[in-house]
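Quick look at model-v6.cif (mmCIF, C-alpha atoms and all ligand atoms):
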data_upload
loop_
_atom_site.label_atom_id
_atom_site.label_comp_id
_atom_site.auth_asym_id
_atom_site.auth_seq_id
_atom_site.Cartn_x
_atom_site.Cartn_y
_atom_site.Cartn_z
CA MET A 1 39.21 -10.82 6.11
CA SER A 2 41.59 -10.45 9.03
CA ALA A 3 43.30 -12.84 11.43
CA MET A 4 44.19 -12.66 15.09
CA ASP A 5 47.85 -12.60 16.06
CA THR A 6 49.02 -14.21 19.30
CA THR A 7 48.29 -11.04 21.34
CA GLY A 8 44.68 -11.04 20.19
CA ALA A 9 45.07 -8.07 17.83
CA SER A 10 43.78 -8.34 14.25
CA LEU A 11 46.32 -8.56 11.45
CA PRO A 12 45.56 -6.26 8.52
CA GLU A 13 44.58 -7.89 5.22
CA GLU A 14 47.84 -6.75 3.52
CA ALA A 15 49.92 -8.41 6.24
CA ILE A 16 48.07 -11.69 5.80
CA GLN A 17 48.53 -11.53 2.03
CA TYR A 18 52.23 -10.77 2.45
CA LEU A 19 52.72 -13.75 4.80
CA GLN A 20 50.93 -16.06 2.37
CA GLN A 21 52.55 -14.79 -0.83
CA LYS A 22 56.07 -14.98 0.57
CA ASN A 23 55.48 -18.35 2.26
CA ILE A 24 56.62 -16.92 5.60
CA PRO A 25 55.02 -19.66 7.78
CA ASP A 26 57.01 -22.31 5.84
CA LEU A 27 60.19 -20.27 6.16
CA MET A 28 59.71 -19.92 9.93
CA GLU A 29 59.00 -23.62 10.22
CA ARG A 30 62.20 -24.43 8.32
CA LEU A 31 64.31 -22.21 10.58
CA LEU A 32 62.75 -23.63 13.72
CA HIS A 33 63.21 -27.14 12.41
CA GLU A 34 66.93 -26.56 11.71
CA LEU A 35 67.38 -25.13 15.22
CA ILE A 36 65.69 -28.11 16.86
CA VAL A 37 67.67 -30.67 14.84
CA LYS A 38 71.10 -29.03 15.13
CA GLN A 39 70.76 -27.18 18.47
CA PRO A 40 73.71 -24.86 17.69
CA ASP A 41 75.69 -23.03 20.41
CA GLU A 42 75.33 -19.78 18.49
CA PRO A 43 71.77 -19.73 17.14
CA LEU A 44 71.94 -16.33 15.45
CA ARG A 45 75.08 -17.11 13.49
CA PHE A 46 73.69 -20.54 12.65
CA LEU A 47 70.40 -19.07 11.34
CA ALA A 48 72.31 -16.56 9.21
CA GLU A 49 74.20 -19.49 7.64
CA VAL A 50 70.99 -21.42 7.06
CA LEU A 51 69.42 -18.41 5.32
CA ALA A 52 72.51 -17.92 3.16
CA ALA A 53 72.51 -21.54 2.00
CA PRO A 54 70.50 -22.41 -1.14
CA VAL A 55 67.12 -24.05 -0.54
CA VAL A 56 67.22 -27.48 -2.13
CA PRO A 57 64.28 -29.88 -2.41
CA LYS A 58 63.98 -32.66 0.20
CA LEU A 59 61.22 -34.98 -0.92
CA ILE A 60 59.92 -38.48 -0.33
CA ILE A 61 57.63 -40.41 -2.63
CA SER A 62 55.89 -43.42 -1.23
CA GLY A 63 53.21 -45.91 -2.19
CA PRO A 64 52.62 -49.59 -2.89
CA PRO A 65 54.70 -51.53 -5.44
CA ALA A 66 54.07 -50.23 -8.97
CA ALA A 67 52.26 -47.15 -7.65
CA GLY A 68 54.23 -45.18 -10.23
CA LYS A 69 56.88 -43.86 -7.82
CA GLY A 70 59.72 -44.32 -10.29
CA THR A 71 57.67 -42.85 -13.14
CA GLN A 72 56.83 -39.73 -11.12
CA CYS A 73 60.39 -39.40 -9.83
CA GLN A 74 61.76 -39.26 -13.36
CA LEU A 75 59.38 -36.38 -14.16
CA ILE A 76 60.14 -34.56 -10.88
CA ALA A 77 63.92 -34.96 -11.25
CA LYS A 78 63.79 -33.61 -14.80
CA HIS A 79 61.61 -30.64 -13.89
CA PHE A 80 63.12 -29.63 -10.53
CA GLY A 81 66.71 -30.80 -11.03
CA VAL A 82 66.69 -32.82 -7.80
CA VAL A 83 68.67 -36.08 -7.37
CA HIS A 84 66.39 -39.14 -7.64
CA ILE A 85 67.46 -41.87 -5.22
CA SER A 86 65.58 -45.14 -5.64
CA THR A 87 66.53 -47.71 -3.02
CA GLY A 88 65.28 -50.49 -5.32
CA ASP A 89 67.67 -49.26 -8.06
CA LEU A 90 70.56 -48.90 -5.60
CA LEU A 91 70.02 -52.49 -4.46
CA ARG A 92 69.73 -53.84 -8.04
CA GLN A 93 72.97 -52.01 -8.89
CA LEU A 94 74.71 -53.61 -5.89
CA LYS A 95 73.50 -57.01 -7.07
CA GLU A 96 74.91 -56.39 -10.57
CA GLU A 97 78.26 -55.42 -9.05
CA GLY A 98 78.32 -58.95 -7.59
CA GLY A 99 79.55 -58.13 -4.05
CA LYS A 100 78.47 -59.93 -0.85
CA GLU A 101 76.03 -57.20 0.20
CA GLY A 102 74.34 -57.14 -3.22
CA LYS A 103 73.95 -60.94 -3.27
CA GLU A 104 72.51 -60.91 0.25
CA ALA A 105 70.02 -58.16 -0.67
CA ALA A 106 68.94 -59.97 -3.84
CA VAL A 107 67.73 -62.98 -1.82
CA TYR A 108 65.24 -60.77 0.06
CA MET A 109 64.21 -58.83 -3.05
CA GLU A 110 63.41 -61.85 -5.18
CA LYS A 111 61.16 -63.21 -2.44
CA GLY A 112 59.42 -59.83 -2.22
CA GLU A 113 60.68 -59.21 1.32
CA LEU A 114 62.28 -56.09 2.72
CA VAL A 115 66.06 -55.96 2.90
CA PRO A 116 67.10 -55.62 6.60
CA ASP A 117 66.99 -52.06 7.92
CA GLU A 118 70.68 -51.93 8.88
CA ILE A 119 71.77 -52.71 5.29
CA ILE A 120 69.47 -50.25 3.56
CA VAL A 121 69.91 -47.40 6.06
CA GLU A 122 73.69 -47.51 5.55
CA ILE A 123 73.32 -47.58 1.75
CA VAL A 124 71.02 -44.53 1.82
CA ARG A 125 73.23 -42.70 4.32
CA GLN A 126 76.25 -43.11 2.04
CA ARG A 127 74.32 -41.95 -1.03
CA LEU A 128 72.97 -38.84 0.73
CA CYS A 129 76.50 -37.73 1.67
CA LYS A 130 77.49 -37.24 -1.98
CA GLU A 131 78.07 -33.78 -3.37
CA ASP A 132 75.34 -33.85 -6.04
CA VAL A 133 72.76 -34.36 -3.28
CA ARG A 134 74.13 -31.48 -1.21
CA ASN A 135 73.90 -29.17 -4.24
CA LYS A 136 70.64 -30.32 -5.81
CA GLY A 137 68.62 -31.87 -2.95
CA TRP A 138 67.13 -35.35 -2.64
CA LEU A 139 64.06 -37.20 -3.82
CA LEU A 140 63.78 -40.53 -2.03
CA ASP A 141 61.86 -43.24 -3.86
CA GLY A 142 61.03 -46.31 -1.75
CA PHE A 143 62.67 -45.13 1.46
CA PRO A 144 61.74 -45.18 4.31
CA ARG A 145 59.64 -48.35 4.24
CA THR A 146 59.61 -49.12 7.95
CA ARG A 147 59.19 -47.02 11.08
CA ASN A 148 62.81 -47.81 12.02
CA GLN A 149 64.03 -46.46 8.70
CA ALA A 150 61.96 -43.29 9.20
CA LEU A 151 63.38 -42.86 12.72
CA ALA A 152 66.94 -43.38 11.43
CA MET A 153 66.32 -40.59 8.92
CA GLN A 154 64.97 -38.27 11.56
CA ALA A 155 67.93 -39.00 13.84
CA ALA A 156 70.26 -38.02 10.99
CA GLY A 157 68.40 -34.70 10.59
CA LEU A 158 66.94 -35.73 7.23
CA ILE A 159 63.45 -34.22 7.26
CA PRO A 160 61.50 -33.79 4.01
CA GLN A 161 59.56 -30.68 3.04
CA LEU A 162 57.01 -32.93 1.37
CA PHE A 163 55.99 -36.60 1.66
CA VAL A 164 53.86 -37.75 -1.30
CA LEU A 165 51.81 -40.92 -0.94
CA LEU A 166 50.51 -42.38 -4.21
CA ALA A 167 47.35 -44.33 -3.45
CA VAL A 168 46.67 -47.17 -5.91
CA PRO A 169 44.28 -50.13 -5.38
CA ASP A 170 45.83 -53.60 -5.15
CA GLU A 171 44.20 -54.86 -8.37
CA VAL A 172 45.74 -51.95 -10.32
CA VAL A 173 49.13 -52.72 -8.75
CA ILE A 174 48.95 -56.31 -9.98
CA GLU A 175 47.93 -55.29 -13.50
CA ARG A 176 50.75 -52.72 -13.69
CA ILE A 177 53.33 -55.21 -12.46
CA GLU A 178 52.29 -57.88 -14.94
CA GLY A 179 52.64 -55.41 -17.82
CA ARG A 180 55.90 -53.78 -16.71
CA ARG A 181 58.98 -54.32 -18.88
CA VAL A 182 62.41 -52.78 -18.30
CA ASP A 183 65.08 -51.97 -20.86
CA PRO A 184 68.32 -53.15 -19.19
CA VAL A 185 70.45 -50.83 -21.34
CA THR A 186 68.64 -47.49 -20.99
CA ARG A 187 66.86 -48.53 -17.74
CA LYS A 188 63.62 -47.14 -19.18
CA VAL A 189 60.46 -48.58 -17.66
CA TYR A 190 57.56 -49.45 -20.00
CA HIS A 191 54.11 -50.92 -19.63
CA LEU A 192 52.85 -53.18 -22.43
CA THR A 193 49.50 -51.32 -22.52
CA HIS A 194 49.83 -47.95 -20.73
CA ASN A 195 53.30 -46.97 -21.87
CA PRO A 196 54.30 -49.37 -24.67
CA PRO A 197 57.92 -49.74 -25.80
CA PRO A 198 58.80 -48.42 -29.29
CA GLN A 199 57.23 -50.98 -31.66
CA HIS A 200 59.55 -50.07 -34.57
CA ASP A 201 62.73 -50.71 -32.53
CA ALA A 202 63.35 -54.46 -32.79
CA GLU A 203 66.58 -54.22 -30.78
CA VAL A 204 64.80 -52.65 -27.77
CA LEU A 205 61.86 -55.08 -28.01
CA GLU A 206 64.28 -58.02 -28.06
CA ARG A 207 66.15 -57.01 -24.91
CA LEU A 208 63.18 -56.00 -22.69
CA GLN A 209 63.07 -57.85 -19.37
CA GLN A 210 60.63 -58.53 -16.57
CA ARG A 211 61.99 -57.84 -13.10
CA ALA A 212 62.86 -60.93 -11.03
CA ASP A 213 60.50 -59.76 -8.25
CA ASP A 214 57.57 -59.05 -10.61
CA THR A 215 56.04 -62.47 -10.05
CA ARG A 216 52.54 -63.02 -8.58
CA ASP A 217 53.88 -64.54 -5.34
CA ALA A 218 56.48 -61.83 -4.78
CA VAL A 219 53.93 -59.10 -5.53
CA ARG A 220 51.51 -60.49 -2.97
CA ARG A 221 54.26 -60.42 -0.36
CA ARG A 222 55.38 -56.90 -1.38
CA LEU A 223 51.80 -55.65 -1.08
CA ALA A 224 51.29 -57.29 2.32
CA THR A 225 54.52 -55.75 3.62
CA TYR A 226 53.48 -52.36 2.28
CA HIS A 227 50.06 -52.49 3.98
CA ARG A 228 51.66 -53.62 7.24
CA ASN A 229 54.06 -50.66 7.37
CA CYS A 230 52.21 -47.86 5.59
CA ALA A 231 50.29 -46.27 8.50
CA GLU A 232 53.37 -46.09 10.75
CA ILE A 233 55.38 -44.32 8.07
CA VAL A 234 52.66 -41.85 7.17
CA GLU A 235 52.36 -41.04 10.87
CA CYS A 236 56.00 -39.94 10.93
CA TYR A 237 55.32 -37.37 8.18
CA GLN A 238 51.82 -36.17 9.08
CA CYS A 239 52.65 -32.45 8.88
CA VAL A 240 54.14 -32.63 5.39
CA SER A 241 52.10 -35.46 3.94
CA LEU A 242 50.12 -35.31 0.69
CA GLU A 243 48.02 -38.27 -0.46
CA LEU A 244 47.23 -38.38 -4.17
CA ASP A 245 45.10 -40.65 -6.29
CA GLY A 246 47.77 -42.61 -8.20
CA ASP A 247 45.22 -44.30 -10.44
CA ARG A 248 45.27 -41.50 -13.04
CA SER A 249 47.53 -40.65 -15.94
CA PRO A 250 51.19 -39.94 -15.01
CA GLN A 251 50.83 -36.37 -16.33
CA GLU A 252 47.75 -35.61 -14.19
CA ILE A 253 49.52 -36.90 -11.09
CA PHE A 254 52.66 -34.95 -11.91
CA GLU A 255 50.68 -31.71 -12.17
CA ASP A 256 49.38 -32.15 -8.60
CA VAL A 257 52.82 -33.14 -7.32
CA SER A 258 54.41 -30.10 -8.97
CA VAL A 259 51.96 -27.66 -7.40
CA SER A 260 52.74 -29.05 -3.97
CA ILE A 261 56.49 -29.08 -4.47
CA LYS A 262 56.38 -25.43 -5.49
CA ALA A 263 54.18 -24.50 -2.54
CA LYS A 264 55.66 -26.66 0.22
CA ALA A 265 59.27 -26.68 -0.75
CA ASN A 266 59.06 -23.08 -1.99
CA LEU A 267 60.82 -24.08 -5.19
CA GLY A 268 60.61 -23.42 -8.88
CA PRO A 269 61.94 -25.52 -11.78
CA HIS A 270 65.64 -26.34 -11.37
CA ALA A 271 65.70 -24.56 -8.03
CA GLN A 272 69.11 -24.10 -6.50
P1 LIG A 301 61.51 -51.10 -5.61
O1 LIG A 301 62.29 -51.24 -6.83
O2 LIG A 301 61.47 -49.79 -4.92
O3 LIG A 301 60.04 -51.67 -5.89
P2 LIG A 301 58.58 -51.18 -5.45
O4 LIG A 301 58.46 -50.26 -4.32
O5 LIG A 301 57.85 -52.45 -5.34
O6 LIG A 301 58.17 -50.25 -6.57
P3 LIG A 301 58.27 -50.54 -8.09
O7 LIG A 301 59.65 -50.22 -8.58
O8 LIG A 301 57.77 -51.93 -8.35
O9 LIG A 301 57.18 -49.58 -8.69
P4 LIG A 301 57.08 -47.99 -8.83
O10 LIG A 301 56.14 -47.48 -7.78
O11 LIG A 301 58.40 -47.33 -8.96
O12 LIG A 301 56.27 -47.95 -10.20
P5 LIG A 301 56.79 -47.69 -11.69
O13 LIG A 301 56.98 -46.23 -11.90
O14 LIG A 301 57.91 -48.61 -12.05
O15 LIG A 301 62.01 -52.14 -4.51
C1 LIG A 301 62.25 -53.49 -4.86
C2 LIG A 301 62.67 -54.28 -3.64
O16 LIG A 301 63.89 -53.73 -3.08
C3 LIG A 301 61.68 -54.31 -2.47
O17 LIG A 301 60.67 -55.25 -2.62
C4 LIG A 301 62.64 -54.66 -1.33
O18 LIG A 301 62.99 -56.01 -1.32
C5 LIG A 301 63.89 -53.85 -1.66
N1 LIG A 301 63.86 -52.48 -1.06
C6 LIG A 301 63.74 -51.31 -1.73
N2 LIG A 301 63.71 -50.28 -0.85
C7 LIG A 301 63.80 -50.84 0.39
C8 LIG A 301 63.77 -50.30 1.69
N3 LIG A 301 63.66 -48.99 1.93
N4 LIG A 301 63.88 -51.15 2.74
C9 LIG A 301 64.00 -52.49 2.54
N5 LIG A 301 64.00 -53.06 1.33
C10 LIG A 301 63.90 -52.24 0.26
O19 LIG A 301 55.47 -48.12 -12.48
C11 LIG A 301 55.05 -49.48 -12.51
C12 LIG A 301 54.43 -49.80 -13.89
O20 LIG A 301 53.21 -49.05 -14.05
C13 LIG A 301 55.32 -49.41 -15.07
O21 LIG A 301 55.16 -50.36 -16.07
C14 LIG A 301 54.80 -48.02 -15.51
O22 LIG A 301 55.00 -47.79 -16.89
C15 LIG A 301 53.31 -48.13 -15.15
N6 LIG A 301 52.76 -46.87 -14.66
C16 LIG A 301 53.36 -45.94 -13.85
N7 LIG A 301 52.53 -44.92 -13.58
C17 LIG A 301 51.36 -45.21 -14.23
C18 LIG A 301 50.10 -44.55 -14.32
N8 LIG A 301 49.87 -43.37 -13.69
N9 LIG A 301 49.12 -45.13 -15.06
C19 LIG A 301 49.32 -46.31 -15.70
N10 LIG A 301 50.51 -46.99 -15.65
C20 LIG A 301 51.51 -46.44 -14.91
#
What would the structure in this file look like if it were written as C-alpha cells?
Ligand code: AP5
Amino acid sequence: MSAMDTTGASLPEEAIQYLQQKNIPDLMERLLHELIVKQPDEPLRFLAEVLAAPVVPKLIISGPPAAGKGTQCQLIAKHFGVVHISTGDLLRQLKEEGGKEGKEAAVYMEKGELVPDEIIVEIVRQRLCKEDVRNKGWLLDGFPRTRNQALAMQAAGLIPQLFVLLAVPDEVVIERIEGRRVDPVTRKVYHLTHNPPPQHDAEVLERLQQRADDTRDAVRRRLATYHRNCAEIVECYQCVSLELDGDRSPQEIFEDVSVSIKAKANLGPHAQ
C-alpha cells in the first residue's frame, strides 16, 4: 500500500509505517495547535520550547449524570497519573467549606440545575493553574457542560487531546442514581447492586449517604439539561471526540478509554 503526498508523489510503505508508528500526524497537529493558540513572535524558538516540555495528558470525560464519569476518572487517574478534576466534587467541597459561593452553588445543585457559567469557569480556571496540573496534566470530569464553558476553555488555550463521551440510556442513569451511595469519609462511590459497599464493615455501612441531588425530580432535570446541551458541546470537540457505550462493565469501558488515551495523547502509564 502507498499513499499520495501533497505533490502527488507516492509515499513508500516504510515512510507510511514510520509516520503511523511514531504518531507524527498527531505531533504535527499538536505543534500547529500550539502555534495557532499562542501566536508567538518567534515561532521557531517557541516550537523548540514546546518540544522540550513534557507531554502531559489533557482529557475531558463527558456524559449524562451517573454515566460513570467519576468511576472511569478514578481508573484513568490511577493508571496515567493525571490530575482528576471533577467540577461536581469541587462544588461540593466549596459547599462544605460554608462560604457564600459554595452556598449559592448548592441551591442550583440540589435542584438539579447547572451552576452559572461565570462561577464554574472561574473555579476551573483557578484549579487548572495549580502546579500539580502543570506537571501531570488534567482530566476534566463534568466540564464543560455548556457551549459557553467550552468556548471559555478554548479562549484560555485549554484544548484536550481526547474528549470521551460515555453514552448511557436514561433508564440506566436512573437505576444507577437510585443505587448510588457515597462514603463521606473516604469519598468512595458504591452502587448497592453493581459495586456494593463492604458488607462486613458495619462502620462504613452505617455512614453511607445518598447525594442531595440524587432524587427523582433532580435527576429528571439533570438529564433534561444534559440532553439540551450535549450536541453543542460534542460539536466543539469533533476532531478529538470518542463516543463509547457506557452501559458495560467499568473494566471493559476503561480498556477502550486506555487504548485511545495511549493513541491520541501519545502517552503511556504515568506519562510525564
Ligand atoms: P456532578 O457531580 O458532576 O454530577 P453528574 O454529572 O450528574 O455526574 P454524577 O457524579 O452523578 O455521575 P458520574 O457520571 O460521575 O457517575 P459515577 O461514576 O458516580 O455534578 C453535580 C452538579 O454540580 C450538577 O448537577 C450541577 O448542578 C453542578 N455542576 C457540576 N459541573 C458543572 C458545570 N460544568 N457547570 C455547571 N454546573 C455544574 O457512577 C454512578 C453510579 O453508577 C455509581 O453508583 C457507580 O458505582 C455506578 N457505576 C459506574 N459505572 C458503572 C458501570 N459501568 N456499570 C454499572 N454501574 C456503574
For this session: Could you give me, as a ChimeraX atom specification, the residues within 10 Å of Met109 (chain A), counting only C-alpha atoms and dropping anything in the same chain fewer than 6 positions from it?
Result: /A:88,91-92,103,115,212-213,218,222
What gap, in Å, lies between CA of Ala224 (chain A) and CA of Glu252 (chain A)?
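One can read the CA of Ala224 (chain A) to CA of Glu252 (chain A) distance as 27.5 Å.
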The residue from A:Thr71, A:Ser10, A:Gln199, A:Asn23 with the smallest atom-to-atom distance to ligand LIG 301 (chain A), counting only C-alpha atoms and all ligand atoms, is A:Thr71
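Closest approach to ligand LIG 301 (chain A) among A:Pro160, A:Gly99, A:Pro12, A:Pro64 is made by A:Pro64 (distances from all atoms listed in the file).
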Next item on the list: Show which residues sit within 8 Å of His84 (chain A), as a ChimeraX atom specification. Count all atoms listed in the file, and ignore same-chain residues fewer than 6 positions away.
Entry: /A:73-74,77,138-141
Take the residues from that selection and write them out as a short mmCIF file (atom, residue, chain, number, x, y, z; two decimals), in the coordinates of the input, keeping C-alpha atoms.
data_model
loop_
_atom_site.label_atom_id
_atom_site.label_comp_id
_atom_site.auth_asym_id
_atom_site.auth_seq_id
_atom_site.Cartn_x
_atom_site.Cartn_y
_atom_site.Cartn_z
CA CYS A 73 60.39 -39.40 -9.83
CA GLN A 74 61.76 -39.26 -13.36
CA ALA A 77 63.92 -34.96 -11.25
CA TRP A 138 67.13 -35.35 -2.64
CA LEU A 139 64.06 -37.20 -3.82
CA LEU A 140 63.78 -40.53 -2.03
CA ASP A 141 61.86 -43.24 -3.86
#
Problem set entry | Atom-to-atom span, atom P3 of ligand LIG 301 (chain A) and CA of Asn195 (chain A), Å |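 Going from atom P3 of ligand LIG 301 (chain A) over to CA of Asn195 (chain A), I get 15.1 Å.
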Around region 142-146 of chain A, fit a box with edges along x, y and z, padding it by 3 Å on each side, then list its centre and edge lengths in Å to one decimal as AutoDock Vina command-line options.
--center_x 61.1 --center_y -47.1 --center_z 3.1 --size_x 9.1 --size_y 10.0 --size_z 15.7
Restrict the output to region 91-163 of chain A and C-alpha atoms, then write it as a PDB file, in the first residue's frame.
ATOM      1  CA  LEU A  91     -18.592  22.482  44.122  1.00  0.00           C
ATOM      2  CA  ARG A  92     -19.489  20.023  46.920  1.00  0.00           C
ATOM      3  CA  GLN A  93     -16.177  20.885  48.611  1.00  0.00           C
ATOM      4  CA  LEU A  94     -16.994  24.613  48.378  1.00  0.00           C
ATOM      5  CA  LYS A  95     -20.375  23.919  49.958  1.00  0.00           C
ATOM      6  CA  GLU A  96     -18.735  22.030  52.851  1.00  0.00           C
ATOM      7  CA  GLU A  97     -16.368  24.958  53.417  1.00  0.00           C
ATOM      8  CA  GLY A  98     -19.508  27.034  54.062  1.00  0.00           C
ATOM      9  CA  GLY A  99     -18.580  30.181  52.082  1.00  0.00           C
ATOM     10  CA  LYS A 100     -21.021  32.376  50.118  1.00  0.00           C
ATOM     11  CA  GLU A 101     -20.058  30.908  46.734  1.00  0.00           C
ATOM     12  CA  GLY A 102     -20.487  27.321  47.968  1.00  0.00           C
ATOM     13  CA  LYS A 103     -23.920  28.076  49.454  1.00  0.00           C
ATOM     14  CA  GLU A 104     -25.028  29.789  46.250  1.00  0.00           C
ATOM     15  CA  ALA A 105     -23.849  26.824  44.128  1.00  0.00           C
ATOM     16  CA  ALA A 106     -25.595  24.303  46.402  1.00  0.00           C
ATOM     17  CA  VAL A 107     -29.002  25.875  45.677  1.00  0.00           C
ATOM     18  CA  TYR A 108     -28.599  25.130  41.950  1.00  0.00           C
ATOM     19  CA  MET A 109     -27.121  21.668  42.524  1.00  0.00           C
ATOM     20  CA  GLU A 110     -29.870  20.419  44.815  1.00  0.00           C
ATOM     21  CA  LYS A 111     -32.487  21.434  42.251  1.00  0.00           C
ATOM     22  CA  GLY A 112     -30.515  19.607  39.550  1.00  0.00           C
ATOM     23  CA  GLU A 113     -29.745  22.826  37.683  1.00  0.00           C
ATOM     24  CA  LEU A 114     -26.416  23.999  36.319  1.00  0.00           C
ATOM     25  CA  VAL A 115     -24.399  26.427  38.401  1.00  0.00           C
ATOM     26  CA  PRO A 116     -23.995  29.713  36.428  1.00  0.00           C
ATOM     27  CA  ASP A 117     -21.156  29.656  33.890  1.00  0.00           C
ATOM     28  CA  GLU A 118     -19.275  32.605  35.408  1.00  0.00           C
ATOM     29  CA  ILE A 119     -18.976  30.834  38.793  1.00  0.00           C
ATOM     30  CA  ILE A 120     -17.866  27.462  37.466  1.00  0.00           C
ATOM     31  CA  VAL A 121     -15.488  28.810  34.799  1.00  0.00           C
ATOM     32  CA  GLU A 122     -13.597  30.787  37.446  1.00  0.00           C
ATOM     33  CA  ILE A 123     -13.421  27.765  39.782  1.00  0.00           C
ATOM     34  CA  VAL A 124     -12.000  25.579  36.995  1.00  0.00           C
ATOM     35  CA  ARG A 125      -9.590  28.292  35.837  1.00  0.00           C
ATOM     36  CA  GLN A 126      -8.145  28.581  39.352  1.00  0.00           C
ATOM     37  CA  ARG A 127      -7.793  24.801  39.709  1.00  0.00           C
ATOM     38  CA  LEU A 128      -6.039  24.426  36.343  1.00  0.00           C
ATOM     39  CA  CYS A 129      -3.390  26.988  37.339  1.00  0.00           C
ATOM     40  CA  LYS A 130      -2.057  24.767  40.137  1.00  0.00           C
ATOM     41  CA  GLU A 131       1.348  23.162  39.863  1.00  0.00           C
ATOM     42  CA  ASP A 132       0.186  19.525  40.027  1.00  0.00           C
ATOM     43  CA  VAL A 133      -1.877  20.113  36.880  1.00  0.00           C
ATOM     44  CA  ARG A 134       1.055  21.703  35.042  1.00  0.00           C
ATOM     45  CA  ASN A 135       3.245  18.699  35.879  1.00  0.00           C
ATOM     46  CA  LYS A 136       0.771  15.839  35.482  1.00  0.00           C
ATOM     47  CA  GLY A 137      -1.902  17.132  33.069  1.00  0.00           C
ATOM     48  CA  TRP A 138      -5.665  17.387  33.520  1.00  0.00           C
ATOM     49  CA  LEU A 139      -8.673  15.125  33.287  1.00  0.00           C
ATOM     50  CA  LEU A 140     -11.854  17.186  33.416  1.00  0.00           C
ATOM     51  CA  ASP A 141     -14.950  15.387  34.688  1.00  0.00           C
ATOM     52  CA  GLY A 142     -18.223  17.268  34.170  1.00  0.00           C
ATOM     53  CA  PHE A 143     -16.735  20.333  32.490  1.00  0.00           C
ATOM     54  CA  PRO A 144     -17.573  21.879  30.069  1.00  0.00           C
ATOM     55  CA  ARG A 145     -21.345  21.395  30.266  1.00  0.00           C
ATOM     56  CA  THR A 146     -22.431  24.334  28.127  1.00  0.00           C
ATOM     57  CA  ARG A 147     -21.206  25.816  24.862  1.00  0.00           C
ATOM     58  CA  ASN A 148     -20.132  28.955  26.760  1.00  0.00           C
ATOM     59  CA  GLN A 149     -17.984  26.880  29.096  1.00  0.00           C
ATOM     60  CA  ALA A 150     -16.398  25.122  26.107  1.00  0.00           C
ATOM     61  CA  LEU A 151     -15.700  28.473  24.429  1.00  0.00           C
ATOM     62  CA  ALA A 152     -14.184  29.860  27.650  1.00  0.00           C
ATOM     63  CA  MET A 153     -11.841  26.864  27.706  1.00  0.00           C
ATOM     64  CA  GLN A 154     -10.847  27.355  24.100  1.00  0.00           C
ATOM     65  CA  ALA A 155     -10.213  31.061  24.697  1.00  0.00           C
ATOM     66  CA  ALA A 156      -7.868  30.121  27.549  1.00  0.00           C
ATOM     67  CA  GLY A 157      -5.943  27.777  25.201  1.00  0.00           C
ATOM     68  CA  LEU A 158      -7.193  24.672  27.018  1.00  0.00           C
ATOM     69  CA  ILE A 159      -7.695  22.138  24.233  1.00  0.00           C
ATOM     70  CA  PRO A 160      -7.956  18.415  25.026  1.00  0.00           C
ATOM     71  CA  GLN A 161      -6.184  15.659  23.121  1.00  0.00           C
ATOM     72  CA  LEU A 162      -9.221  13.464  23.703  1.00  0.00           C
ATOM     73  CA  PHE A 163     -12.903  14.046  24.537  1.00  0.00           C
TER      74      PHE A 163
END
